[in-house]
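Chemist: Please read through the structure below; I'll follow up with questions.
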Amino acid sequence: MVSSSHEMLHRIFQEDPGLFVRAVKGVGVTFADPVAAVPFPTDLTENRPVERRVDTLLRLETGDGARFLLAVESQGKPDSDKPASWAYYLSHLHAKYRLPPLLLVVCADRRTADWASRHVDIGPVQWPSLTVRPLVLGPDSLPVINSPDEAARDIPLTVLSAAVHRRDPDAGAILKALATALKDLSADDESTASKFIELTEQGLGTTPAANLWRQIMAADLSFFQSQTAQNLRAEGRVATRAEDILLLLGDRGVEVPEEARERILGCQDLGVLGVWFRRAITAVSVAEVFGDTEG
């Protein structure tokens, strides 16, 4: 299942491609600031049954004249099949666009970040012909931004910091600093502020930090009581409940066909989702979850 927290970790680079340059400074890698960024199709499928899709793909042009492809992958856990997929992505992109590709892997936990940071040689041990070498962002490489002033200077980086540190003790301080910065931003640009509210909620997933963020959103502040913010919070509750149903069924070993998964994720009625969730506690099949309820 592709969760909202997974989507956020790569989608934020679509909102602010320059975030890439600022974020990777923490791992000692320096790029010139982008002067242009063009979204590319993420579908890398060939004319065969296997689909291959990178999460986010951008063509970047930087201030020093460099041009390259930035492929961003949000990685939730170690996956032994991923290095082979990543090697395919990089080779395919280089062959198709004739531009140097860079793979950026964003991880919200240290174990996955450590795993993704390994260099994987492909070929005989005497002479590997290809090495997969991702540039990895994780809790140890992204800064903890807990000052409102610092958060205001770079809100996208603060949103990414909150998502990556969502399980850390520092999460609350980051969110409070971010909330202050977003409140100030809303006075000039409510639409942009609301977008970052949504991304933050998605990035926090189902962690305790997500509950804290919802409490901040519910605070008696005019910014967070705007109609836009309320709509985003409602959408977030719907997405979270749908994900909770799928997680519950998965933990109980109930098979969920793709069609049923899409039906659950596509349902926008919180009441119907509540019924499905209660049924999922004891159901032995997806059919029992749906019953006669229309979603």
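Chain identifiers are assigned as A, B, and so on, following the order in which chains appear in the structure tokens; residues are numbered from 1 within each chain, and ligands are numbered from 1 in order of appearance.
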Just the residues within 9 Å of region 54-69 of chain A, please, counting only C-alpha atoms, with nothing from its chain fewer than 2 positions along; format it as a ChimeraX atom specification.
Modeler: /A:7,10-11,13-14,17,31-44,52,71-74,86,89,93-94,97,99-103
Chemist: Run DSSP on the backbone and tell me which residues of region 116-231 of chain A come out as helix (DSSP H, G or I); list them as a compact mmCIF listing (two decimals) with all heavy atoms, in the first residue's frame.
Modeler:
```txt
# COMPACT_ATOMS: atom_id res chain seq x y z
N ALA A 116 19.75 1.72 3.07
CA ALA A 116 19.74 2.35 1.75
C ALA A 116 21.07 2.97 1.39
O ALA A 116 21.39 3.14 0.20
CB ALA A 116 18.63 3.41 1.69
N PRO A 148 11.42 28.82 15.56
CA PRO A 148 10.46 29.43 14.62
C PRO A 148 11.13 30.30 13.56
O PRO A 148 10.71 30.31 12.41
CB PRO A 148 9.56 30.26 15.54
CG PRO A 148 9.63 29.56 16.86
CD PRO A 148 11.04 29.07 16.97
N ASP A 149 12.18 31.03 13.96
CA ASP A 149 12.87 31.87 12.99
C ASP A 149 13.54 31.02 11.91
O ASP A 149 13.47 31.34 10.71
CB ASP A 149 13.92 32.74 13.69
CG ASP A 149 13.29 33.83 14.54
OD1 ASP A 149 12.11 34.14 14.31
OD2 ASP A 149 13.98 34.35 15.43
N GLU A 150 14.19 29.94 12.33
CA GLU A 150 14.84 29.06 11.36
C GLU A 150 13.81 28.37 10.49
O GLU A 150 14.01 28.20 9.28
CB GLU A 150 15.70 28.03 12.09
CG GLU A 150 16.58 27.20 11.18
CD GLU A 150 17.45 26.21 11.94
OE1 GLU A 150 17.37 26.18 13.19
OE2 GLU A 150 18.20 25.47 11.28
N ALA A 151 12.69 27.98 11.10
CA ALA A 151 11.62 27.34 10.34
C ALA A 151 11.07 28.28 9.29
O ALA A 151 10.78 27.88 8.16
CB ALA A 151 10.52 26.86 11.27
N ALA A 152 10.91 29.55 9.65
CA ALA A 152 10.36 30.53 8.72
C ALA A 152 11.29 30.76 7.54
O ALA A 152 10.83 31.05 6.43
CB ALA A 152 10.10 31.84 9.44
N ARG A 153 12.61 30.61 7.76
CA ARG A 153 13.56 30.82 6.67
C ARG A 153 13.47 29.73 5.63
O ARG A 153 13.80 29.95 4.46
CB ARG A 153 14.98 30.92 7.23
CG ARG A 153 15.28 32.24 7.92
CD ARG A 153 16.77 32.42 8.15
NE ARG A 153 17.29 31.48 9.13
CZ ARG A 153 17.34 31.70 10.44
NH1 ARG A 153 16.88 32.85 10.94
NH2 ARG A 153 17.84 30.80 11.26
N ILE A 155 10.62 26.82 5.17
CA ILE A 155 9.48 26.00 5.58
C ILE A 155 9.49 24.61 4.93
O ILE A 155 9.25 23.61 5.61
CB ILE A 155 8.15 26.75 5.30
CG1 ILE A 155 8.01 27.89 6.31
CG2 ILE A 155 6.96 25.80 5.39
CD1 ILE A 155 6.78 28.76 6.11
N PRO A 156 9.79 24.48 3.62
CA PRO A 156 9.82 23.13 3.06
C PRO A 156 10.82 22.21 3.75
O PRO A 156 10.53 21.03 3.99
CB PRO A 156 10.21 23.38 1.59
CG PRO A 156 9.73 24.76 1.31
CD PRO A 156 9.97 25.51 2.58
N LEU A 157 12.00 22.72 4.09
CA LEU A 157 12.99 21.90 4.78
C LEU A 157 12.50 21.53 6.17
O LEU A 157 12.73 20.41 6.65
CB LEU A 157 14.33 22.63 4.87
CG LEU A 157 15.50 21.84 5.48
CD1 LEU A 157 15.80 20.60 4.63
CD2 LEU A 157 16.75 22.71 5.59
N THR A 158 11.77 22.43 6.83
CA THR A 158 11.22 22.14 8.15
C THR A 158 10.14 21.07 8.06
O THR A 158 10.06 20.19 8.93
CB THR A 158 10.66 23.42 8.80
OG1 THR A 158 11.65 24.45 8.78
CG2 THR A 158 10.27 23.16 10.24
N VAL A 159 9.31 21.14 7.04
CA VAL A 159 8.28 20.11 6.83
C VAL A 159 8.95 18.74 6.63
O VAL A 159 8.53 17.73 7.21
CB VAL A 159 7.38 20.46 5.63
CG1 VAL A 159 6.45 19.30 5.31
CG2 VAL A 159 6.58 21.72 5.92
N LEU A 160 9.99 18.70 5.80
CA LEU A 160 10.70 17.44 5.58
C LEU A 160 11.37 16.97 6.86
O LEU A 160 11.36 15.78 7.18
CB LEU A 160 11.74 17.62 4.47
CG LEU A 160 12.51 16.37 4.06
CD1 LEU A 160 11.56 15.30 3.52
CD2 LEU A 160 13.57 16.71 3.01
N SER A 161 11.94 17.89 7.62
CA SER A 161 12.56 17.55 8.89
C SER A 161 11.55 16.92 9.85
O SER A 161 11.83 15.92 10.52
CB SER A 161 13.19 18.79 9.52
OG SER A 161 13.71 18.51 10.81
N ALA A 162 10.35 17.50 9.90
CA ALA A 162 9.30 16.96 10.78
C ALA A 162 8.92 15.54 10.37
O ALA A 162 8.74 14.66 11.23
CB ALA A 162 8.07 17.87 10.74
N ALA A 163 8.81 15.31 9.08
CA ALA A 163 8.43 13.98 8.60
C ALA A 163 9.51 12.94 8.89
O ALA A 163 9.22 11.82 9.33
CB ALA A 163 8.14 14.03 7.11
N VAL A 164 10.76 13.30 8.66
CA VAL A 164 11.85 12.34 8.84
C VAL A 164 12.12 12.09 10.32
O VAL A 164 12.51 10.99 10.71
CB VAL A 164 13.11 12.86 8.12
CG1 VAL A 164 14.32 12.02 8.49
CG2 VAL A 164 12.90 12.81 6.60
N ALA A 171 10.47 15.65 17.66
CA ALA A 171 9.37 15.89 16.73
C ALA A 171 8.46 17.02 17.20
O ALA A 171 8.05 17.89 16.42
CB ALA A 171 8.56 14.61 16.51
N GLY A 172 8.14 17.04 18.50
CA GLY A 172 7.23 18.06 19.01
C GLY A 172 7.79 19.46 18.86
O GLY A 172 7.05 20.39 18.48
N ALA A 173 9.07 19.63 19.13
CA ALA A 173 9.69 20.95 19.01
C ALA A 173 9.69 21.42 17.56
O ALA A 173 9.47 22.60 17.27
CB ALA A 173 11.11 20.91 19.57
N ILE A 174 9.92 20.50 16.64
CA ILE A 174 9.90 20.85 15.22
C ILE A 174 8.50 21.31 14.82
O ILE A 174 8.33 22.32 14.13
CB ILE A 174 10.34 19.66 14.36
CG1 ILE A 174 11.77 19.23 14.69
CG2 ILE A 174 10.24 20.00 12.87
CD1 ILE A 174 12.21 17.95 14.00
N LEU A 175 7.49 20.56 15.23
CA LEU A 175 6.12 20.88 14.85
C LEU A 175 5.67 22.23 15.41
O LEU A 175 4.97 23.00 14.75
CB LEU A 175 5.17 19.78 15.30
CG LEU A 175 5.35 18.42 14.60
CD1 LEU A 175 4.43 17.38 15.21
CD2 LEU A 175 5.11 18.55 13.10
N LYS A 176 6.07 22.54 16.64
CA LYS A 176 5.68 23.83 17.22
C LYS A 176 6.35 24.98 16.48
O LYS A 176 5.72 26.02 16.23
CB LYS A 176 6.05 23.84 18.70
CG LYS A 176 5.18 22.90 19.53
CD LYS A 176 5.64 22.81 20.98
CE LYS A 176 4.79 21.81 21.77
NZ LYS A 176 5.28 21.66 23.16
N ALA A 177 7.62 24.80 16.13
CA ALA A 177 8.31 25.84 15.36
C ALA A 177 7.67 25.99 13.99
O ALA A 177 7.48 27.12 13.49
CB ALA A 177 9.79 25.48 15.23
N LEU A 178 7.33 24.87 13.37
CA LEU A 178 6.70 24.90 12.06
C LEU A 178 5.34 25.59 12.12
O LEU A 178 4.98 26.39 11.23
CB LEU A 178 6.56 23.48 11.52
CG LEU A 178 5.83 23.32 10.18
CD1 LEU A 178 6.56 24.08 9.08
CD2 LEU A 178 5.74 21.84 9.82
N ALA A 179 4.57 25.29 13.16
CA ALA A 179 3.24 25.90 13.29
C ALA A 179 3.34 27.42 13.37
O ALA A 179 2.55 28.15 12.75
CB ALA A 179 2.54 25.35 14.53
N THR A 180 4.31 27.92 14.13
CA THR A 180 4.50 29.37 14.23
C THR A 180 4.86 29.98 12.88
O THR A 180 4.32 31.02 12.48
CB THR A 180 5.60 29.69 15.26
OG1 THR A 180 5.23 29.15 16.54
CG2 THR A 180 5.82 31.19 15.39
N ALA A 181 5.77 29.31 12.17
CA ALA A 181 6.19 29.82 10.86
C ALA A 181 5.03 29.80 9.87
O ALA A 181 4.86 30.74 9.08
CB ALA A 181 7.35 28.97 10.34
N LEU A 182 4.20 28.77 9.90
CA LEU A 182 3.08 28.67 8.98
C LEU A 182 2.00 29.71 9.30
O LEU A 182 1.34 30.23 8.40
CB LEU A 182 2.49 27.26 9.01
CG LEU A 182 3.33 26.18 8.32
CD1 LEU A 182 2.74 24.80 8.58
CD2 LEU A 182 3.42 26.44 6.82
N LYS A 183 1.84 29.99 10.57
CA LYS A 183 0.86 31.02 10.94
C LYS A 183 1.26 32.37 10.34
O LYS A 183 0.43 33.10 9.80
CB LYS A 183 0.76 31.12 12.46
CG LYS A 183 -0.27 32.15 12.92
CD LYS A 183 -0.31 32.25 14.42
CE LYS A 183 -1.32 33.31 14.87
NZ LYS A 183 -1.34 33.49 16.34
N ASP A 184 2.56 32.68 10.42
CA ASP A 184 3.04 33.94 9.84
C ASP A 184 2.91 33.91 8.32
O ASP A 184 2.53 34.92 7.71
CB ASP A 184 4.51 34.16 10.24
CG ASP A 184 4.67 34.44 11.72
OD1 ASP A 184 3.67 34.83 12.36
OD2 ASP A 184 5.79 34.25 12.25
N LEU A 185 3.21 32.77 7.71
CA LEU A 185 3.10 32.67 6.25
C LEU A 185 1.67 32.86 5.79
O LEU A 185 1.41 33.47 4.74
CB LEU A 185 3.63 31.30 5.78
CG LEU A 185 3.45 30.97 4.29
CD1 LEU A 185 4.25 31.96 3.42
CD2 LEU A 185 3.89 29.54 4.01
N SER A 186 0.72 32.36 6.56
CA SER A 186 -0.69 32.40 6.15
C SER A 186 -1.21 33.82 5.99
O SER A 186 -2.15 34.08 5.25
CB SER A 186 -1.57 31.65 7.14
OG SER A 186 -1.65 32.37 8.37
N GLU A 190 -2.15 32.20 2.25
CA GLU A 190 -2.84 31.10 2.92
C GLU A 190 -2.82 29.82 2.10
O GLU A 190 -2.74 28.72 2.64
CB GLU A 190 -4.29 31.49 3.22
CG GLU A 190 -5.06 30.40 3.96
CD GLU A 190 -6.48 30.81 4.31
OE1 GLU A 190 -6.67 32.00 4.66
OE2 GLU A 190 -7.37 29.96 4.21
N SER A 191 -2.87 29.95 0.79
CA SER A 191 -2.88 28.77 -0.07
C SER A 191 -1.60 27.95 0.10
O SER A 191 -1.65 26.73 0.26
CB SER A 191 -3.04 29.18 -1.53
OG SER A 191 -2.95 28.05 -2.38
N THR A 192 -0.45 28.63 0.09
CA THR A 192 0.81 27.93 0.26
C THR A 192 0.92 27.34 1.66
O THR A 192 1.37 26.21 1.85
CB THR A 192 1.99 28.88 0.00
OG1 THR A 192 1.92 29.34 -1.35
CG2 THR A 192 3.32 28.17 0.21
N ALA A 193 0.50 28.12 2.66
CA ALA A 193 0.54 27.62 4.03
C ALA A 193 -0.31 26.36 4.18
O ALA A 193 0.10 25.38 4.82
CB ALA A 193 0.07 28.71 5.00
N SER A 194 -1.50 26.36 3.59
CA SER A 194 -2.39 25.20 3.66
C SER A 194 -1.78 23.98 2.99
O SER A 194 -1.94 22.85 3.46
CB SER A 194 -3.73 25.53 3.02
OG SER A 194 -4.39 26.57 3.71
N LYS A 195 -1.06 24.21 1.91
CA LYS A 195 -0.40 23.11 1.21
C LYS A 195 0.62 22.44 2.12
O LYS A 195 0.72 21.20 2.18
CB LYS A 195 0.28 23.63 -0.05
CG LYS A 195 0.94 22.57 -0.92
CD LYS A 195 1.72 23.19 -2.05
CE LYS A 195 0.85 24.09 -2.91
NZ LYS A 195 1.60 24.71 -4.03
N PHE A 196 1.37 23.24 2.87
CA PHE A 196 2.38 22.68 3.76
C PHE A 196 1.75 22.05 5.00
O PHE A 196 2.32 21.13 5.58
CB PHE A 196 3.41 23.74 4.14
CG PHE A 196 4.35 24.07 3.01
CD1 PHE A 196 4.49 25.37 2.56
CD2 PHE A 196 5.07 23.07 2.37
CE1 PHE A 196 5.35 25.68 1.50
CE2 PHE A 196 5.92 23.36 1.31
CZ PHE A 196 6.07 24.67 0.88
N ILE A 197 0.58 22.52 5.40
CA ILE A 197 -0.17 21.84 6.47
C ILE A 197 -0.50 20.42 6.03
O ILE A 197 -0.31 19.45 6.76
CB ILE A 197 -1.47 22.59 6.80
CG1 ILE A 197 -1.17 23.93 7.45
CG2 ILE A 197 -2.34 21.75 7.75
CD1 ILE A 197 -2.41 24.76 7.69
N GLU A 198 -1.00 20.30 4.81
CA GLU A 198 -1.39 18.99 4.27
C GLU A 198 -0.18 18.07 4.18
O GLU A 198 -0.23 16.91 4.59
CB GLU A 198 -2.04 19.16 2.90
CG GLU A 198 -2.42 17.84 2.25
CD GLU A 198 -2.92 18.02 0.84
OE1 GLU A 198 -2.63 19.06 0.22
OE2 GLU A 198 -3.59 17.11 0.34
N LEU A 199 0.92 18.58 3.64
CA LEU A 199 2.12 17.77 3.50
C LEU A 199 2.64 17.31 4.85
O LEU A 199 3.09 16.17 5.01
CB LEU A 199 3.20 18.54 2.75
CG LEU A 199 2.98 18.69 1.24
CD1 LEU A 199 3.97 19.69 0.66
CD2 LEU A 199 3.12 17.34 0.53
N THR A 200 2.58 18.20 5.84
CA THR A 200 3.04 17.83 7.18
C THR A 200 2.20 16.70 7.74
O THR A 200 2.73 15.71 8.27
CB THR A 200 3.00 19.04 8.12
OG1 THR A 200 3.82 20.09 7.60
CG2 THR A 200 3.50 18.66 9.51
N GLU A 201 0.89 16.83 7.63
CA GLU A 201 0.02 15.78 8.18
C GLU A 201 0.25 14.46 7.47
O GLU A 201 0.29 13.40 8.10
CB GLU A 201 -1.45 16.20 8.06
CG GLU A 201 -2.39 15.17 8.68
CD GLU A 201 -3.76 15.75 9.01
OE1 GLU A 201 -3.94 16.98 8.88
OE2 GLU A 201 -4.63 14.97 9.40
N GLN A 202 0.43 14.50 6.17
CA GLN A 202 0.71 13.27 5.44
C GLN A 202 2.03 12.65 5.89
O GLN A 202 2.13 11.45 6.10
CB GLN A 202 0.77 13.56 3.94
CG GLN A 202 -0.57 13.85 3.31
CD GLN A 202 -0.45 14.13 1.82
OE1 GLN A 202 0.65 14.26 1.29
NE2 GLN A 202 -1.57 14.24 1.15
N GLY A 203 3.04 13.50 6.05
CA GLY A 203 4.37 13.00 6.38
C GLY A 203 4.46 12.37 7.75
O GLY A 203 5.30 11.50 7.99
N LEU A 204 3.59 12.77 8.68
CA LEU A 204 3.65 12.23 10.04
C LEU A 204 2.99 10.87 10.15
O LEU A 204 3.20 10.16 11.14
CB LEU A 204 2.98 13.22 11.01
CG LEU A 204 3.67 14.58 11.10
CD1 LEU A 204 2.85 15.52 11.98
CD2 LEU A 204 5.09 14.45 11.63
N PRO A 208 2.70 9.12 16.97
CA PRO A 208 2.20 10.06 17.99
C PRO A 208 2.36 11.52 17.59
O PRO A 208 1.57 12.37 17.99
CB PRO A 208 3.06 9.71 19.21
CG PRO A 208 3.41 8.26 19.03
CD PRO A 208 3.60 8.10 17.54
N ALA A 209 3.40 11.80 16.80
CA ALA A 209 3.59 13.18 16.33
C ALA A 209 2.40 13.66 15.52
O ALA A 209 2.08 14.86 15.52
CB ALA A 209 4.88 13.28 15.52
N ALA A 210 1.73 12.75 14.81
CA ALA A 210 0.55 13.13 14.03
C ALA A 210 -0.57 13.62 14.95
O ALA A 210 -1.29 14.56 14.63
CB ALA A 210 0.08 11.95 13.19
N ASN A 211 -0.73 12.96 16.10
CA ASN A 211 -1.75 13.40 17.05
C ASN A 211 -1.43 14.79 17.60
O ASN A 211 -2.32 15.63 17.77
CB ASN A 211 -1.85 12.40 18.20
CG ASN A 211 -2.39 11.06 17.75
OD1 ASN A 211 -3.19 10.98 16.83
ND2 ASN A 211 -1.94 9.99 18.40
N LEU A 212 -0.14 15.03 17.86
CA LEU A 212 0.25 16.35 18.33
C LEU A 212 -0.05 17.41 17.27
O LEU A 212 -0.55 18.49 17.58
CB LEU A 212 1.74 16.37 18.68
CG LEU A 212 2.33 17.73 19.06
CD1 LEU A 212 1.60 18.32 20.26
CD2 LEU A 212 3.83 17.61 19.33
N TRP A 213 0.22 17.10 16.02
CA TRP A 213 -0.03 18.05 14.93
C TRP A 213 -1.52 18.36 14.83
O TRP A 213 -1.92 19.50 14.62
CB TRP A 213 0.51 17.50 13.63
CG TRP A 213 0.41 18.44 12.47
CD1 TRP A 213 -0.33 18.28 11.32
CD2 TRP A 213 1.08 19.70 12.31
NE1 TRP A 213 -0.15 19.35 10.48
CE2 TRP A 213 0.70 20.24 11.06
CE3 TRP A 213 1.96 20.42 13.12
CZ2 TRP A 213 1.18 21.47 10.60
CZ3 TRP A 213 2.43 21.64 12.66
CH2 TRP A 213 2.05 22.15 11.41
N ARG A 214 -2.35 17.34 15.01
CA ARG A 214 -3.80 17.57 14.95
C ARG A 214 -4.26 18.46 16.11
O ARG A 214 -5.17 19.28 15.96
CB ARG A 214 -4.55 16.24 14.95
CG ARG A 214 -4.30 15.40 13.71
CD ARG A 214 -5.16 14.15 13.66
NE ARG A 214 -4.77 13.32 12.55
CZ ARG A 214 -4.01 12.22 12.66
NH1 ARG A 214 -3.59 11.83 13.84
NH2 ARG A 214 -3.69 11.51 11.59
N GLN A 215 -3.61 18.28 17.27
CA GLN A 215 -3.95 19.15 18.40
C GLN A 215 -3.57 20.60 18.11
O GLN A 215 -4.32 21.53 18.43
CB GLN A 215 -3.21 18.66 19.65
CG GLN A 215 -3.70 17.32 20.18
CD GLN A 215 -2.83 16.78 21.30
OE1 GLN A 215 -2.07 17.52 21.91
NE2 GLN A 215 -2.93 15.49 21.57
N ILE A 216 -2.42 20.77 17.48
CA ILE A 216 -2.00 22.13 17.11
C ILE A 216 -2.98 22.71 16.09
O ILE A 216 -3.36 23.88 16.16
CB ILE A 216 -0.56 22.10 16.53
CG1 ILE A 216 0.43 21.69 17.62
CG2 ILE A 216 -0.18 23.46 15.95
CD1 ILE A 216 1.85 21.49 17.12
N MET A 217 -3.41 21.89 15.14
CA MET A 217 -4.36 22.35 14.13
C MET A 217 -5.70 22.75 14.75
O MET A 217 -6.40 23.62 14.25
CB MET A 217 -4.62 21.24 13.09
CG MET A 217 -3.43 20.90 12.21
SD MET A 217 -2.95 22.23 11.11
CE MET A 217 -1.59 22.95 12.05
N GLN A 227 -11.18 27.91 6.65
CA GLN A 227 -11.94 26.86 5.98
C GLN A 227 -11.00 25.91 5.25
O GLN A 227 -11.21 24.68 5.24
CB GLN A 227 -12.93 27.47 4.98
CG GLN A 227 -13.87 26.45 4.36
CD GLN A 227 -14.73 25.75 5.39
OE1 GLN A 227 -15.32 26.38 6.26
NE2 GLN A 227 -14.79 24.42 5.33
N THR A 228 -9.95 26.45 4.64
CA THR A 228 -8.99 25.60 3.94
C THR A 228 -8.36 24.61 4.89
O THR A 228 -8.25 23.41 4.61
CB THR A 228 -7.89 26.46 3.29
OG1 THR A 228 -8.51 27.35 2.37
CG2 THR A 228 -6.89 25.59 2.54
N ALA A 229 -7.89 25.10 6.04
CA ALA A 229 -7.24 24.21 7.00
C ALA A 229 -8.21 23.15 7.51
O ALA A 229 -7.85 21.99 7.68
CB ALA A 229 -6.68 25.02 8.17
N GLN A 230 -9.47 23.54 7.76
CA GLN A 230 -10.45 22.57 8.23
C GLN A 230 -10.69 21.49 7.18
O GLN A 230 -10.82 20.31 7.50
CB GLN A 230 -11.76 23.28 8.57
CG GLN A 230 -11.65 24.19 9.80
CD GLN A 230 -12.98 24.82 10.16
OE1 GLN A 230 -14.02 24.18 10.05
NE2 GLN A 230 -12.95 26.07 10.57
N ASN A 231 -10.78 21.89 5.92
CA ASN A 231 -10.97 20.90 4.86
C ASN A 231 -9.81 19.94 4.79
O ASN A 231 -9.99 18.73 4.61
CB ASN A 231 -11.13 21.61 3.52
CG ASN A 231 -12.45 22.35 3.42
OD1 ASN A 231 -13.37 22.09 4.18
ND2 ASN A 231 -12.53 23.30 2.49
```
Chemist: At what distance in Å, to one decimal, does CA of Trp276 (chain A) lie from CA of Val289 (chain A)?
Modeler: 5.3 Å
Chemist: Any idea what the distance is between CA of Gly138 (chain A) and CA of Phe20 (chain A)?
Modeler: 13.0 Å
Chemist: Please, what distance in Å, to one decimal, runs between CA of Ala108 (chain A) and CA of Gly26 (chain A)?
Modeler: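 Computing the Euclidean distance for CA of Ala108 (chain A) and CA of Gly26 (chain A) yields 15.2 Å.
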Chemist: Set the distance at 12 Å and use only C-alpha atoms: which residues neighbour Val29 (chain A) once local chain neighbours fewer than 4 positions away are removed? I'd like the list as a list in words.
Modeler: Phe20, Val21, Arg22, Ala23, Val24, Lys25, Leu104, Leu135, Val136, Leu137 and Ser141 of chain A
Chemist: Enumerate as a short mmCIF file (atom, residue, chain, number, x, y, z; two decimals) with N, CA and C atoms, in the first residue's frame all residues of region 32-108 of chain A assigned to strand (DSSP E or B) by DSSP on the backbone, naming them with the chain letters and numbers the document uses.
Modeler:
```cif
data_model
loop_
_atom_site.label_atom_id
_atom_site.label_comp_id
_atom_site.auth_asym_id
_atom_site.auth_seq_id
_atom_site.Cartn_x
_atom_site.Cartn_y
_atom_site.Cartn_z
N PRO A 34 18.98 25.32 -8.02
CA PRO A 34 18.29 25.17 -9.31
C PRO A 34 17.76 26.51 -9.81
N VAL A 35 17.86 26.69 -11.10
CA VAL A 35 17.24 27.86 -11.73
C VAL A 35 16.03 27.42 -12.57
N ALA A 36 15.89 26.11 -12.76
CA ALA A 36 14.73 25.57 -13.48
C ALA A 36 14.54 24.13 -13.03
N ALA A 37 13.28 23.72 -12.98
CA ALA A 37 12.94 22.34 -12.63
C ALA A 37 11.73 21.93 -13.43
N VAL A 38 11.84 20.84 -14.16
CA VAL A 38 10.77 20.37 -15.02
C VAL A 38 10.32 18.98 -14.58
N PRO A 39 9.06 18.81 -14.15
CA PRO A 39 8.59 17.47 -13.79
C PRO A 39 8.59 16.55 -15.02
N ASP A 43 6.57 7.19 -14.91
CA ASP A 43 6.37 5.82 -15.39
C ASP A 43 7.57 5.39 -16.24
N ARG A 53 8.03 2.30 -11.69
CA ARG A 53 7.72 3.71 -11.50
C ARG A 53 8.59 4.28 -10.39
N THR A 56 9.21 10.28 -7.67
CA THR A 56 9.21 11.63 -8.24
C THR A 56 10.41 11.75 -9.16
N LEU A 57 10.21 12.39 -10.31
CA LEU A 57 11.29 12.58 -11.27
C LEU A 57 11.28 14.01 -11.77
N LEU A 58 12.41 14.71 -11.60
CA LEU A 58 12.53 16.10 -12.01
C LEU A 58 13.79 16.29 -12.84
N ARG A 59 13.70 17.12 -13.85
CA ARG A 59 14.91 17.56 -14.55
C ARG A 59 15.31 18.90 -13.96
N LEU A 60 16.51 18.95 -13.39
CA LEU A 60 16.97 20.16 -12.74
C LEU A 60 18.05 20.84 -13.56
N GLU A 61 18.00 22.15 -13.57
CA GLU A 61 19.08 22.97 -14.11
C GLU A 61 19.54 23.89 -12.99
N THR A 62 20.83 23.90 -12.69
CA THR A 62 21.34 24.65 -11.56
C THR A 62 22.04 25.92 -12.02
N ARG A 67 22.95 20.28 -15.64
CA ARG A 67 21.62 19.72 -15.91
C ARG A 67 21.64 18.25 -15.57
N PHE A 68 20.67 17.79 -14.77
CA PHE A 68 20.63 16.38 -14.42
C PHE A 68 19.20 15.99 -14.03
N LEU A 69 18.96 14.70 -13.96
CA LEU A 69 17.67 14.16 -13.54
C LEU A 69 17.74 13.79 -12.06
N LEU A 70 16.75 14.24 -11.30
CA LEU A 70 16.66 13.89 -9.88
C LEU A 70 15.51 12.91 -9.70
N ALA A 71 15.85 11.66 -9.35
CA ALA A 71 14.85 10.63 -9.07
C ALA A 71 14.75 10.49 -7.56
N VAL A 72 13.58 10.80 -7.00
CA VAL A 72 13.38 10.75 -5.55
C VAL A 72 12.55 9.52 -5.20
N GLU A 73 13.07 8.70 -4.30
CA GLU A 73 12.36 7.52 -3.83
C GLU A 73 12.10 7.66 -2.34
N SER A 74 10.86 7.44 -1.92
CA SER A 74 10.51 7.38 -0.50
C SER A 74 10.55 5.92 -0.07
N GLN A 75 11.44 5.59 0.87
CA GLN A 75 11.64 4.19 1.24
C GLN A 75 11.24 3.97 2.69
N PRO A 101 21.66 10.87 -14.22
CA PRO A 101 20.63 10.70 -13.21
C PRO A 101 21.23 10.64 -11.80
N LEU A 102 20.48 11.17 -10.84
CA LEU A 102 20.87 11.10 -9.43
C LEU A 102 19.71 10.51 -8.65
N LEU A 103 19.98 9.47 -7.86
CA LEU A 103 18.95 8.82 -7.07
C LEU A 103 19.02 9.34 -5.63
N LEU A 104 17.94 9.97 -5.18
CA LEU A 104 17.81 10.45 -3.80
C LEU A 104 16.79 9.58 -3.09
N VAL A 105 17.20 8.93 -2.00
CA VAL A 105 16.32 8.06 -1.23
C VAL A 105 16.05 8.73 0.12
N VAL A 106 14.77 8.95 0.44
CA VAL A 106 14.39 9.61 1.68
C VAL A 106 13.77 8.57 2.62
N CYS A 107 14.31 8.48 3.83
CA CYS A 107 13.87 7.47 4.79
C CYS A 107 13.51 8.14 6.12
#
```
Chemist: If we count only C-alpha atoms and set the cut-off at 9 Å, which residues sit around Trp115 (chain A), ignoring sequence neighbours fewer than 4 positions away in its own chain? Please answer as a ChimeraX atom specification.
Modeler: /A:77-79,110-111
